Amino acid sequence: QVQLVESGGGSVRAGDSLGLSCAASGRTFGVYAMGWFRQAPGKEREFVASITWSVGSTSYADSAKGRFTISRDDTKNTVYLQLNNLKPEDTAVYYCALRSSAYGLPSQHQGAYDHWGQGTQVTVSS
């Protein structure tokens with residue numbers, strides 16, 4: 001089984017930065033990609049960013065482009081999400097997810113992922 005544990009959330013002001021981490025443990029061999037999603041109150045969970053594990057190819061939601069950066073450290077089985085120039089509308093619970101297979105739905109889709117973390121809260125005040 002795979003366990004994903006997010007950390008790094010918190011409460012900040014608009015314009016501030018935060019760094020999120022997601023450590024994977026357990027049966028993590030054969031990872032194709034990892035992603036970050038977020039869910040704001042009253043809204044559906046949405047894609048934020050993803051990264052392929054071997055090559056490091058990245059994909060971002062339009063809302064994340066230019067402000068957020070996803071990266072990974074395969075020696076630590078950890079994926080990161082750097083959040084810069086945060087806005088109140090970025091307030092959400094941020095989840096990391098692990099995708100084992102390269103086949104199926106695109107990495108922007110929740111259904112492409114096999115394992116999910118518990119989430120970490122990010123709150124941005126104006």
# chains A, B, ... in the order shown; residues from 1 in each chain; ligands from 1
>>> closest_atom_pairs(of="region 32-94 of chain A", to="region 7-23 of chain A", cutoff="12 Å", atoms="only C-alpha atoms", output="tab-separated table")
residue	atom	partner	partner_atom	distance
A:Met34	CA	A:Cys22	CA	9.5
A:Gly35	CA	A:Cys22	CA	9.8
A:Trp36	CA	A:Cys22	CA	9.2
A:Phe37	CA	A:Leu20	CA	11.9
A:Arg38	CA	A:Gly9	CA	11.9
A:Arg67	CA	A:Ser17	CA	9.4
A:Phe68	CA	A:Ser17	CA	9.4
A:Thr69	CA	A:Gly19	CA	9.4
A:Ile70	CA	A:Leu20	CA	9.4
A:Ser71	CA	A:Ser21	CA	9.6
A:Arg72	CA	A:Ser21	CA	9.3
A:Asp73	CA	A:Ala23	CA	9.7
A:Asp74	CA	A:Ala23	CA	10.2
A:Thr75	CA	A:Ala23	CA	10.9
A:Lys76	CA	A:Ala23	CA	7.5
A:Asn77	CA	A:Ala23	CA	6.0
A:Thr78	CA	A:Ala23	CA	4.4
A:Val79	CA	A:Cys22	CA	5.2
A:Tyr80	CA	A:Ser21	CA	4.5
A:Leu81	CA	A:Leu20	CA	5.0
A:Gln82	CA	A:Gly19	CA	4.5
A:Leu83	CA	A:Leu18	CA	5.1
A:Asn84	CA	A:Ser17	CA	4.4
A:Asn85	CA	A:Gly15	CA	4.1
A:Leu86	CA	A:Gly15	CA	4.9
A:Lys87	CA	A:Ala14	CA	4.9
A:Pro88	CA	A:Ala14	CA	6.3
A:Glu89	CA	A:Ala14	CA	9.5
A:Asp90	CA	A:Ala14	CA	9.4
A:Thr91	CA	A:Ser11	CA	9.0
A:Ala92	CA	A:Gly9	CA	9.8
A:Val93	CA	A:Gly9	CA	8.6
A:Tyr94	CA	A:Gly9	CA	8.1
>>> closest_atom_pairs(of="region 18-60 of chain A", to="region 105-109 of chain A", cutoff="9 Å", atoms="only C-alpha atoms", output="tab-separated table")
residue	atom	partner	partner_atom	distance
A:Ala33	CA	A:Ser107	CA	7.8
A:Met34	CA	A:Ser107	CA	8.4
A:Gly35	CA	A:Ser107	CA	7.4
A:Phe37	CA	A:Gln108	CA	8.9
A:Glu46	CA	A:His109	CA	8.5
A:Phe47	CA	A:Gln108	CA	5.6
A:Val48	CA	A:Gln108	CA	8.0
A:Ala49	CA	A:Gln108	CA	7.6
A:Ser50	CA	A:Ser107	CA	6.7
A:Ile51	CA	A:Ser107	CA	8.6
A:Ser59	CA	A:Gln108	CA	8.0
A:Tyr60	CA	A:Gln108	CA	8.4
>>> closest_residue(among="A:Cys96, A:Asp114, A:Ser126, A:Gln39", to="Glu6 (chain A)", atoms="only C-alpha atoms")
A:Cys96
>>> closest_residue(among="A:Ser63, A:Ser101, A:Thr58, A:Gln3", to="Gln118 (chain A)", atoms="only C-alpha atoms")
A:Gln3
